Amino acid sequence: MSMNNFSILLDNLLLNSSKKIKIKLLYEYFEQANSNDRGWTLSIITNSIKKKNIHLNDLKNLIKNKISPELFDLSYDYVGDIAETISLLWPKNKCSNLNLSLSDFMNNIFFIDNKETILEKLENIFNSSASSQIYTIIKIITSGLRVGVSNGLVRESLVAFGKRSSSEIEEVWHGFSYPFFDFFEWLLGKSLPKYLKKEDLFHSFMLAKSIDNKIFLEDPNNFVAEYKWDGIRAQIIVSSTFKLFSRNSEDITDSFPDLKFNLNDNYIIDGELVIKKENEILPFNILQKRTRRKKITNKILNELPAHFIAYDILYFKGKKCTHMNLNKRKDLLSKFISKINKDNITFSPSINFSKWKELEFLMASPLNNHIEGLMIKRIVTKYEKGRVANSWFKWKKEPYTIDFVLMYAQRGHGKRSSFYSDFTFGCWVDNTFDKLVPIGKAYSGFSNEELNQLDKWVRNNTLERFGPVRSLKSKLVVEISFDNINHSDRHKSGVALRFPRFSRIRWDKPANEVCILKDIKSLIN
Amino acid sequence: MKLTNANWLIKKKEGLYCIPGDFYIDPLYPVKRALITHAHTDHARPNNHLILGTKETIEIMKIRYAKSYCINYQVINYNSPLTINNIDITFIPAGHILGSSQILIEYNGCKVLISGDYKRVEDKTCKGYQNKKCDIFITEATFGLPIFSHPFDKDEIKKLLESVIKNNQKPHLIGVYALGKCQRILSLLRDAGYDEIIYLHGALMKITDYYVSEGVRIGKVKNTSDLNLSELKNQIILCPPSALHDKWSRKFKNPIKGIVSGWMNIRQRIKQKNIQLPLIISDHADWDDILLTTKENNPEKVLVTHGREEALVFQLNKLGYDAKALNLLGYEDEYE
């Protein structure tokens with residue numbers, strides 16, 4: 001497979017926003033590519049190769065003696081991407097387009113350690129390459145690919161391509177490393193390589209269903225209740241190494257060095273990752289500040305210390321315990337917690353209750369910001385992957401609802417590209433009711449019919465157009481529901497809503513009956 | 001502000017003005033006398049008293065503006081000089097669209113060539129570009145950056161046809177500028193051997209009919225309103241770029257959307273347009289062609305207008321020309 005095919009794949013992934021089409025593009029590519037190109041492609045699009053000895057500036061220097069810096073700068077101003085600017089400006093030799101295969105490039109060029117040697121080789125390749133090939137090579141070599149492909153999406157394409165299910169792939173692929181040749185062999189039916197041990201690998205999480213009122217007819221003693229923490233689901237795997245995985249099986253070990261510990265035995269722990277400072281769990285948007293960081297500095301570790309609230313255990317001392325019931329697992333888990341004796345890994349306490357009414361009372365009382373609701377778990381159930389019927393239930397707090405005024409509308413993507421479907425809403429700055437301040441964005445919660453009505457309303461009530469965005473007359477009131485509200489320094493209004501969505505459109509309500517910013521701020525506890 | 005060596009040609013708020021001839025070139029507002037390079041709406045505006053232009057330019061203006069296209073007009077043929085108050089005016093084919101011209105103005109022994117919009121590559125829908133020696137060359141700079149090197153139009157058409165074959169159940173909605181680009185694409189598709197009916201958005205019909213009446217080979221086209229939506233498969237449907245994400249586009253299920261434009265070589269620009277099929281075909285000269293044209297015309301001075309002047313002025317000065325930006329406003333070409 002030539003580099004050109006890979007370039008085309010990347011461009012198509014960038015330009016198609018539909019998830020279904022992206023999966024199809026990847027699947028078709030894997031079908032056509034040979035086994036080496038497959039492996040390298042997977043390595044590149046999942047960003048699995050950590051090598052950073054070539055920077056964009058080195059490549060900028062390469063082109064400097066081919067074009068005057070003034071023209072480079074003016075071009076870069078226009079294009080806005082250095083790799084693309086270089087690829088478009090590189091003098092073209094129209095008759096010779098080097099037919100380089102992706103594997104050849106990865107095997108012979110990519111890993112050259114000597115900077116001068118590799119730059120010289122790159123220059124030679126660029127001299128007989130079309131723009132798209134130059135662009136692709138620069139993106140590969142600087143790990144700068146951004147084509148909107150999540151690991152989950154890649155996994156779906158691998159399910160279509162190979163003989164393994166999504167959860168099988170999820171569980172093992174982190175055990176492999178680039179160039180993934182043996183991974184593809186496994187995918188096509190060969191057994192797992194010997195160096196991979198099941199107990200070292202990620203295990204798919206057990207998930208909860210929404211609360212089912214039928215369980216309230218059952219004996220409360222069959223269940224355990226816990227708080228539902230508002231953090232991110234994570235799995236700790238200790239063996240010869242320490243690893244931390246997120247809900248979508250992403251290896252996030254390096255982002256949380258403060259959780260790390262060593263034990264010689266093998267343990268797998270399920271729990272929730274939060275930020276806890278001075279004995280207080282901080283809200284989700286503070287956690288996001290940390291997960292967004294690429295580099296974890298000491299300052300971050302001090303300001304945003306990570307904490308792991310453990311609630312289940314899958315392996316204890318190298319032995320599988322997923323077949324045991326919840327109480328037995330919890331016993332083992334508490335043994336584990338006391339054994340490692342770390343301040344920032346603690347046990348998720350069970351809530352004592354003997355009647356369902358007590359939990360209902362708890363749900364009705366104002367809960368802390370970092371608690372989303374309750375988890376109700378049936379004691380007799382084993383730990384199984386996925387959403388298992390009748391075992392775990394999530395009981396979420398009722399969302400808050402507030403009326404806001406629509407301020408801007410933006411056209412959506414894919415099927416919604418001709419509809420104004422993404423809305424910015426706001427409230428009044430103060431009680432003069434003459435200026436709105438944006439509070440958040442919502443693009444779900446309405447029916448297709450309501451979307452049609454909203455789209456029509458937007459087109460008839462536009463003040464100004466800025467490309468795909470329209471500013472709107474301050475007229476239409478919508479009731480927005482959201483799970484939580486917090487202070488934010490990223491938003492002009494100073495508040496951030498968690499998961500805002502439409503709950504209903506108040507066609508009849510006058511805009512000046514919507515509240516002012518002060519009222520909204522007073523909701524933050 | 002004066003143009004050096006030709007202080008009889010000045011810049012006014014209406015546009016470029018020739019004092020001894022008392023006429024404007026492509027004025028932005030209605031004037032007494034106007035020379036029109038070509039019929040695109042940013043160059044040819046309505047309600048002038050008297051316009052001078054090629055037959056095609058004037059006829060297209062009439063189609064677009066109906067009664068307000070002008071009060072009076074005078075037709076000029078290519079390469080047939082006309083003398084007004086000791087000024088010789090010659091219209092020279094610009095290769096941009098049907099009827100498009102460069103204008104050569106000669107006064108007191110000084111030749112000023114105003115390029116209008118031009119392209120050098122072959123285009124069967126209009127008369128081919130011709131070069132002309134001059135003292136002062138006023139060139140457009142729509143693609144005046146070295147990042148613009150237009151690929152072969154035939155290769156881009158191949159891209160479209162390959163997509164039509166590969167996605168044989170998906171209609172292809174292709175955004176094209178109504179005047180010039182639309183008909184060039186039709187002509188290129190026919191040359192590439194595509195002989196299915198091509199469907200046109202209503203806004204593209206009138207001008208295309210005019211091209212047909214002028215003998216341009218367009219093949220069988222129909223208005224999209226004649227398209228039976230239950231027979232929708234991989235038809236090629238041309239429309240104005242603004243219609244791609246308009247309500248109009250909703251009736252076509254799972255379309256592939258494309259835009260034909262010289263800008264489509266930049267990824268983020270394509271992404272911004274929310275399309276999957278960029279086709280880089282332009283009716284303007286690219287960077288190399290602007291430089292080549294300047295070399296052939298061999299002027300003493302070059303004035304650069306509408307587009308990315310800065311880079312071009314820099315490069316022309318470096319090549320030894322006396323080049324400046326003219327800073328005429330009002331000529332926009334987003335969908336070129």
# chains A, B, ... in the order shown; residues from 1 in each chain; ligands from 1

call {"tool": "residues_around", "arguments": {"residues": "region 307-324 of chain B", "least_positions_apart": "5", "cutoff": "10 Å", "atoms": "only C-alpha atoms", "output": "ChimeraX atom specification"}}
result
/A:68,70-75,78 /B:3,136-146,287,290-291,294-295,298-302,329,331-333

call {"tool": "residues_around", "arguments": {"residues": "Ile296 (chain A)", "least_positions_apart": "6", "cutoff": "10 Å", "atoms": "only C-alpha atoms", "output": "number ranges by chain"}}
result
A: 254-258, 290

call {"tool": "write_last_selection", "arguments": {"atoms": "C-alpha atoms", "output": "mmCIF file, in the first residue's frame"}}
result
data_model
loop_
_atom_site.group_PDB
_atom_site.id
_atom_site.type_symbol
_atom_site.label_atom_id
_atom_site.label_comp_id
_atom_site.auth_asym_id
_atom_site.auth_seq_id
_atom_site.Cartn_x
_atom_site.Cartn_y
_atom_site.Cartn_z
ATOM 1 C CA ASP A 254 1.221 8.572 32.953
ATOM 2 C CA SER A 255 -1.374 11.231 33.744
ATOM 3 C CA PHE A 256 -1.743 10.048 37.357
ATOM 4 C CA PRO A 257 1.732 9.293 38.743
ATOM 5 C CA ASP A 258 0.518 10.238 42.237
ATOM 6 C CA ARG A 290 -6.189 17.731 35.265
#

call {"tool": "interface_residues", "arguments": {"of": "chain A", "to": "chain B", "cutoff": "9 Å", "atoms": "only C-alpha atoms", "output": "list in words"}}
result
Asp11, Asn12, Leu14, Leu15, Asn16, Ser17, Glu70, Leu71, Phe72, Leu74, Ser75, Tyr78, Val79, Gly80, Asp81, Glu84, Thr85, Ile86, Ser87, Leu88, Leu89, Trp90, Arg411, His413, Gly414, Lys415, Ser417, Ser418 and Phe419 of chain A

call {"tool": "write_last_selection", "arguments": {"atoms": "N, CA and C atoms", "output": "PDB file, in the first residue's frame"}}
result
ATOM      1  N   ASP A  11      -7.197  12.079   4.788  1.00  0.00           N
ATOM      2  CA  ASP A  11      -8.052  13.185   4.336  1.00  0.00           C
ATOM      3  C   ASP A  11      -9.525  12.805   4.451  1.00  0.00           C
ATOM      4  N   ASN A  12      -9.842  11.574   4.068  1.00  0.00           N
ATOM      5  CA  ASN A  12     -11.238  11.151   4.158  1.00  0.00           C
ATOM      6  C   ASN A  12     -11.727  11.098   5.597  1.00  0.00           C
ATOM      7  N   LEU A  14     -10.672  12.968   7.960  1.00  0.00           N
ATOM      8  CA  LEU A  14     -10.824  14.349   8.402  1.00  0.00           C
ATOM      9  C   LEU A  14     -12.134  14.952   7.900  1.00  0.00           C
ATOM     10  N   LEU A  15     -12.472  14.652   6.641  1.00  0.00           N
ATOM     11  CA  LEU A  15     -13.599  15.348   6.009  1.00  0.00           C
ATOM     12  C   LEU A  15     -14.945  14.688   6.263  1.00  0.00           C
ATOM     13  N   ASN A  16     -14.947  13.445   6.717  1.00  0.00           N
ATOM     14  CA  ASN A  16     -16.222  12.790   6.991  1.00  0.00           C
ATOM     15  C   ASN A  16     -16.465  12.802   8.490  1.00  0.00           C
ATOM     16  N   SER A  17     -17.538  13.474   8.903  1.00  0.00           N
ATOM     17  CA  SER A  17     -17.746  13.551  10.343  1.00  0.00           C
ATOM     18  C   SER A  17     -18.617  12.394  10.835  1.00  0.00           C
ATOM     19  N   GLU A  70       9.915  35.651   4.076  1.00  0.00           N
ATOM     20  CA  GLU A  70       8.727  36.508   3.976  1.00  0.00           C
ATOM     21  C   GLU A  70       7.575  35.738   3.336  1.00  0.00           C
ATOM     22  N   LEU A  71       7.878  35.028   2.250  1.00  0.00           N
ATOM     23  CA  LEU A  71       6.815  34.285   1.571  1.00  0.00           C
ATOM     24  C   LEU A  71       6.328  33.132   2.441  1.00  0.00           C
ATOM     25  N   PHE A  72       7.277  32.521   3.164  1.00  0.00           N
ATOM     26  CA  PHE A  72       6.853  31.440   4.062  1.00  0.00           C
ATOM     27  C   PHE A  72       5.872  31.978   5.106  1.00  0.00           C
ATOM     28  N   LEU A  74       3.999  34.716   5.112  1.00  0.00           N
ATOM     29  CA  LEU A  74       2.703  35.123   4.566  1.00  0.00           C
ATOM     30  C   LEU A  74       1.841  33.903   4.238  1.00  0.00           C
ATOM     31  N   SER A  75       2.495  32.869   3.738  1.00  0.00           N
ATOM     32  CA  SER A  75       1.746  31.652   3.407  1.00  0.00           C
ATOM     33  C   SER A  75       1.235  30.975   4.669  1.00  0.00           C
ATOM     34  N   TYR A  78      -1.769  32.446   6.130  1.00  0.00           N
ATOM     35  CA  TYR A  78      -2.978  32.106   5.400  1.00  0.00           C
ATOM     36  C   TYR A  78      -3.438  30.684   5.681  1.00  0.00           C
ATOM     37  N   VAL A  79      -2.471  29.747   5.706  1.00  0.00           N
ATOM     38  CA  VAL A  79      -2.827  28.330   5.830  1.00  0.00           C
ATOM     39  C   VAL A  79      -3.106  27.951   7.282  1.00  0.00           C
ATOM     40  N   GLY A  80      -2.264  28.460   8.196  1.00  0.00           N
ATOM     41  CA  GLY A  80      -2.495  28.200   9.610  1.00  0.00           C
ATOM     42  C   GLY A  80      -1.996  26.865  10.124  1.00  0.00           C
ATOM     43  N   ASP A  81      -1.276  26.106   9.316  1.00  0.00           N
ATOM     44  CA  ASP A  81      -0.743  24.823   9.775  1.00  0.00           C
ATOM     45  C   ASP A  81       0.637  24.672   9.134  1.00  0.00           C
ATOM     46  N   GLU A  84       1.181  21.729   6.641  1.00  0.00           N
ATOM     47  CA  GLU A  84       0.488  21.951   5.372  1.00  0.00           C
ATOM     48  C   GLU A  84       1.180  23.047   4.561  1.00  0.00           C
ATOM     49  N   THR A  85       1.631  24.096   5.241  1.00  0.00           N
ATOM     50  CA  THR A  85       2.338  25.170   4.539  1.00  0.00           C
ATOM     51  C   THR A  85       3.594  24.617   3.865  1.00  0.00           C
ATOM     52  N   ILE A  86       4.378  23.853   4.617  1.00  0.00           N
ATOM     53  CA  ILE A  86       5.602  23.288   4.037  1.00  0.00           C
ATOM     54  C   ILE A  86       5.262  22.408   2.837  1.00  0.00           C
ATOM     55  N   SER A  87       4.217  21.582   3.011  1.00  0.00           N
ATOM     56  CA  SER A  87       3.893  20.648   1.928  1.00  0.00           C
ATOM     57  C   SER A  87       3.452  21.388   0.666  1.00  0.00           C
ATOM     58  N   LEU A  88       2.783  22.526   0.843  1.00  0.00           N
ATOM     59  CA  LEU A  88       2.313  23.277  -0.333  1.00  0.00           C
ATOM     60  C   LEU A  88       3.433  24.105  -0.953  1.00  0.00           C
ATOM     61  N   LEU A  89       4.405  24.496  -0.138  1.00  0.00           N
ATOM     62  CA  LEU A  89       5.459  25.378  -0.654  1.00  0.00           C
ATOM     63  C   LEU A  89       6.655  24.606  -1.208  1.00  0.00           C
ATOM     64  N   TRP A  90       6.777  23.333  -0.834  1.00  0.00           N
ATOM     65  CA  TRP A  90       7.955  22.580  -1.270  1.00  0.00           C
ATOM     66  C   TRP A  90       8.000  22.550  -2.798  1.00  0.00           C
ATOM     67  N   ARG A 411     -25.098  25.702  12.773  1.00  0.00           N
ATOM     68  CA  ARG A 411     -25.502  24.519  12.014  1.00  0.00           C
ATOM     69  C   ARG A 411     -24.770  23.294  12.534  1.00  0.00           C
ATOM     70  N   HIS A 413     -23.706  18.997  12.184  1.00  0.00           N
ATOM     71  CA  HIS A 413     -22.851  18.247  11.272  1.00  0.00           C
ATOM     72  C   HIS A 413     -23.600  17.065  10.701  1.00  0.00           C
ATOM     73  N   GLY A 414     -23.018  16.496   9.637  1.00  0.00           N
ATOM     74  CA  GLY A 414     -23.587  15.291   9.037  1.00  0.00           C
ATOM     75  C   GLY A 414     -25.028  15.511   8.650  1.00  0.00           C
ATOM     76  N   LYS A 415     -25.904  14.666   9.165  1.00  0.00           N
ATOM     77  CA  LYS A 415     -27.319  14.737   8.807  1.00  0.00           C
ATOM     78  C   LYS A 415     -27.951  16.067   9.189  1.00  0.00           C
ATOM     79  N   SER A 417     -26.516  18.979   8.942  1.00  0.00           N
ATOM     80  CA  SER A 417     -25.714  20.106   8.457  1.00  0.00           C
ATOM     81  C   SER A 417     -26.564  21.216   7.846  1.00  0.00           C
ATOM     82  N   SER A 418     -27.813  20.957   7.512  1.00  0.00           N
ATOM     83  CA  SER A 418     -28.639  22.057   7.010  1.00  0.00           C
ATOM     84  C   SER A 418     -29.559  22.595   8.104  1.00  0.00           C
ATOM     85  N   PHE A 419     -29.422  22.075   9.316  1.00  0.00           N
ATOM     86  CA  PHE A 419     -30.264  22.519  10.428  1.00  0.00           C
ATOM     87  C   PHE A 419     -29.474  23.333  11.438  1.00  0.00           C
TER      88      PHE A 419
END

call {"tool": "closest_atom_pairs", "arguments": {"of": "region 160-251 of chain A", "to": "region 350-356 of chain A", "cutoff": "7 Å", "atoms": "only C-alpha atoms", "output": "tab-separated table"}}
result
residue	atom	partner	partner_atom	distance
A:Phe216	CA	A:Trp356	CA	6.6
A:Pro220	CA	A:Ser354	CA	6.2
A:Asn221	CA	A:Ser354	CA	7.0
A:Val224	CA	A:Ser350	CA	6.5
A:Ala225	CA	A:Ile351	CA	5.4
A:Glu226	CA	A:Ser350	CA	4.8

call {"tool": "write_last_selection", "arguments": {"atoms": "N, CA and C atoms", "output": "PDB file, in the first residue's frame"}}
result
ATOM      1  N   PHE A 216     -37.756  -1.843  44.218  1.00  0.00           N
ATOM      2  CA  PHE A 216     -38.224  -1.328  45.505  1.00  0.00           C
ATOM      3  C   PHE A 216     -39.237  -2.273  46.162  1.00  0.00           C
ATOM      4  N   PRO A 220     -34.734  -4.960  50.849  1.00  0.00           N
ATOM      5  CA  PRO A 220     -33.538  -4.114  50.764  1.00  0.00           C
ATOM      6  C   PRO A 220     -32.258  -4.859  51.157  1.00  0.00           C
ATOM      7  N   ASN A 221     -32.409  -5.906  51.952  1.00  0.00           N
ATOM      8  CA  ASN A 221     -31.211  -6.637  52.381  1.00  0.00           C
ATOM      9  C   ASN A 221     -30.486  -7.364  51.252  1.00  0.00           C
ATOM     10  N   VAL A 224     -26.727  -3.589  48.163  1.00  0.00           N
ATOM     11  CA  VAL A 224     -25.790  -2.654  48.787  1.00  0.00           C
ATOM     12  C   VAL A 224     -25.994  -1.315  48.105  1.00  0.00           C
ATOM     13  N   ALA A 225     -25.974  -0.249  48.888  1.00  0.00           N
ATOM     14  CA  ALA A 225     -26.055   1.087  48.269  1.00  0.00           C
ATOM     15  C   ALA A 225     -24.741   1.828  48.480  1.00  0.00           C
ATOM     16  N   GLU A 226     -24.292   2.513  47.437  1.00  0.00           N
ATOM     17  CA  GLU A 226     -23.079   3.335  47.544  1.00  0.00           C
ATOM     18  C   GLU A 226     -23.376   4.680  46.895  1.00  0.00           C
TER      19      GLU A 226
END

call {"tool": "residues_around", "arguments": {"residues": "Asn486 (chain A)", "least_positions_apart": "3", "cutoff": "8 Å", "atoms": "only C-alpha atoms", "output": "PDB file with C-alpha atoms, in the first residue's frame"}}
result
ATOM      1  CA  PRO A 283     -16.207  18.929  41.365  1.00  0.00           C
ATOM      2  CA  ASN A 285     -14.801  20.360  36.089  1.00  0.00           C
ATOM      3  CA  VAL A 495     -20.377  29.342  35.866  1.00  0.00           C
ATOM      4  CA  ALA A 496     -20.274  25.970  34.122  1.00  0.00           C
ATOM      5  CA  LEU A 497     -23.198  23.590  33.738  1.00  0.00           C
ATOM      6  CA  ILE A 524     -23.673  26.815  43.404  1.00  0.00           C
TER       7      ILE A 524
END

call {"tool": "atom_distance", "arguments": {"atom1": "CA of Leu476 (chain A)", "atom2": "CA of Lys396 (chain A)"}}
result
29.4 Å

call {"tool": "residues_around", "arguments": {"residues": "Gly15 (chain B)", "least_positions_apart": "6", "cutoff": "12 Å", "atoms": "only C-alpha atoms", "output": "PyMOL selection string"}}
result
chain B and resi 1+9+23-31+34-36+42-45+305-306+326-331

call {"tool": "atom_distance", "arguments": {"atom1": "CA of Ser187 (chain B)", "atom2": "CA of Arg217 (chain B)"}}
result
6.1 Å

call {"tool": "atom_distance", "arguments": {"atom1": "CA of Glu56 (chain B)", "atom2": "CA of Gly180 (chain B)"}}
result
12.0 Å

call {"tool": "residues_around", "arguments": {"residues": "region 35-46 of chain A", "least_positions_apart": "2", "cutoff": "7 Å", "atoms": "only C-alpha atoms", "output": "PyMOL selection string"}}
result
chain A and resi 1+30+33+48-49+102-103+140+151+178-181

call {"tool": "write_last_selection", "arguments": {"atoms": "C-alpha atoms", "output": "short mmCIF file (atom, residue, chain, number, x, y, z; two decimals), in the first residue's frame"}}
result
data_model
loop_
_atom_site.label_atom_id
_atom_site.label_comp_id
_atom_site.auth_asym_id
_atom_site.auth_seq_id
_atom_site.Cartn_x
_atom_site.Cartn_y
_atom_site.Cartn_z
CA MET A 1 0.00 0.00 0.00
CA PHE A 30 -7.49 -2.60 6.58
CA ALA A 33 -3.61 -3.11 3.11
CA SER A 48 1.13 4.52 19.92
CA ILE A 49 4.67 5.42 18.94
CA LEU A 102 4.06 3.27 4.41
CA SER A 103 5.97 0.24 5.74
CA ILE A 140 3.59 11.10 11.04
CA ASN A 151 -9.89 4.49 19.98
CA TYR A 178 3.50 -1.06 17.86
CA PRO A 179 3.77 -2.17 15.10
CA PHE A 180 0.93 -4.50 16.16
CA PHE A 181 1.82 -7.28 13.70
#

call {"tool": "residues_around", "arguments": {"residues": "Asn108 (chain B)", "least_positions_apart": "3", "cutoff": "10 Å", "atoms": "only C-alpha atoms", "output": "PyMOL selection string"}}
result
chain B and resi 6+8+86-88+111

call {"tool": "select_by_dssp", "arguments": {"residues": "region 155-314 of chain A", "states": "alpha helix (DSSP H)", "output": "PyMOL selection string"}}
result
chain A and resi 155-161+166-172+181-187+284-292+298-303

call {"tool": "write_last_selection", "arguments": {"atoms": "C-alpha atoms", "output": "CSV table (one decimal), in the first residue's frame"}}
result
chain,number,residue,atom,x,y,z
A,155,ARG,CA,-12.0,-0.7,17.6
A,156,GLU,CA,-15.3,-0.8,15.8
A,157,SER,CA,-13.5,-1.0,12.5
A,158,LEU,CA,-11.3,-3.8,13.8
A,159,VAL,CA,-14.4,-5.7,14.9
A,160,ALA,CA,-15.7,-5.4,11.3
A,161,PHE,CA,-12.3,-6.5,9.9
A,166,SER,CA,-15.4,-5.4,20.6
A,167,SER,CA,-14.9,-6.3,24.3
A,168,GLU,CA,-12.3,-9.0,23.4
A,169,ILE,CA,-10.3,-6.3,21.6
A,170,GLU,CA,-10.8,-3.8,24.3
A,171,GLU,CA,-9.4,-6.2,26.8
A,172,VAL,CA,-6.2,-7.2,25.0
A,181,PHE,CA,1.8,-7.3,13.7
A,182,ASP,CA,1.0,-10.0,16.2
A,183,PHE,CA,-2.1,-8.1,17.3
A,184,PHE,CA,-3.5,-8.4,13.7
A,185,GLU,CA,-2.6,-12.2,13.7
A,186,TRP,CA,-4.6,-12.6,16.9
A,187,LEU,CA,-7.4,-10.5,15.4
A,284,PHE,CA,-15.9,17.3,38.0
A,285,ASN,CA,-14.8,20.4,36.1
A,286,ILE,CA,-11.7,20.6,38.4
A,287,LEU,CA,-10.9,17.0,37.5
A,288,GLN,CA,-11.2,17.9,33.8
A,289,LYS,CA,-8.5,20.5,34.3
A,290,ARG,CA,-6.2,17.7,35.3
A,291,THR,CA,-7.2,15.2,32.6
A,292,ARG,CA,-6.7,17.9,29.9
A,298,ASN,CA,4.7,19.1,40.5
A,299,LYS,CA,2.6,22.1,40.7
A,300,ILE,CA,-0.4,20.2,39.2
A,301,LEU,CA,0.2,17.3,41.6
A,302,ASN,CA,0.1,19.7,44.5
A,303,GLU,CA,-2.9,21.7,43.3

call {"tool": "select_by_dssp", "arguments": {"residues": "region 202-438 of chain A", "states": "strand (DSSP E)", "output": "ChimeraX atom specification"}}
result
/A:206-207,209-210,223-229,232-238,242-246,267-277,280-281,306-316,319-320,345-347,350-351,371-378,386-387,392-396,400-411,420-428,436-438

call {"tool": "residues_around", "arguments": {"residues": "Leu113 (chain B)", "least_positions_apart": "2", "cutoff": "10 Å", "atoms": "only C-alpha atoms", "output": "number ranges by chain"}}
result
B: 89-92, 102-106, 110-111, 115-116, 131-139, 297, 299, 302

call {"tool": "closest_residue", "arguments": {"among": "B:Lys233, B:Ile259, B:Asp22, B:Gly202", "to": "Glu156 (chain B)", "atoms": "only C-alpha atoms"}}
result
B:Ile259

call {"tool": "decode", "arguments": {"residues": "region 91-103 of chain B", "atoms": "C-alpha atoms", "output": "PDB file, in the first residue's frame"}}
result
ATOM      1  CA  PHE B  91     -10.359  44.356 -25.177  1.00  0.00           C
ATOM      2  CA  ILE B  92      -8.227  41.206 -25.085  1.00  0.00           C
ATOM      3  CA  PRO B  93      -9.456  37.706 -24.181  1.00  0.00           C
ATOM      4  CA  ALA B  94      -8.770  36.918 -20.504  1.00  0.00           C
ATOM      5  CA  GLY B  95      -9.755  33.234 -20.495  1.00  0.00           C
ATOM      6  CA  HIS B  96     -11.666  33.693 -17.223  1.00  0.00           C
ATOM      7  CA  ILE B  97     -15.295  33.150 -18.290  1.00  0.00           C
ATOM      8  CA  LEU B  98     -17.384  33.644 -21.421  1.00  0.00           C
ATOM      9  CA  GLY B  99     -16.870  37.215 -22.650  1.00  0.00           C
ATOM     10  CA  SER B 100     -14.151  38.046 -20.134  1.00  0.00           C
ATOM     11  CA  SER B 101     -11.507  40.550 -21.141  1.00  0.00           C
ATOM     12  CA  GLN B 102      -8.363  42.282 -20.196  1.00  0.00           C
ATOM     13  CA  ILE B 103      -8.435  45.955 -21.115  1.00  0.00           C
TER      14      ILE B 103
END
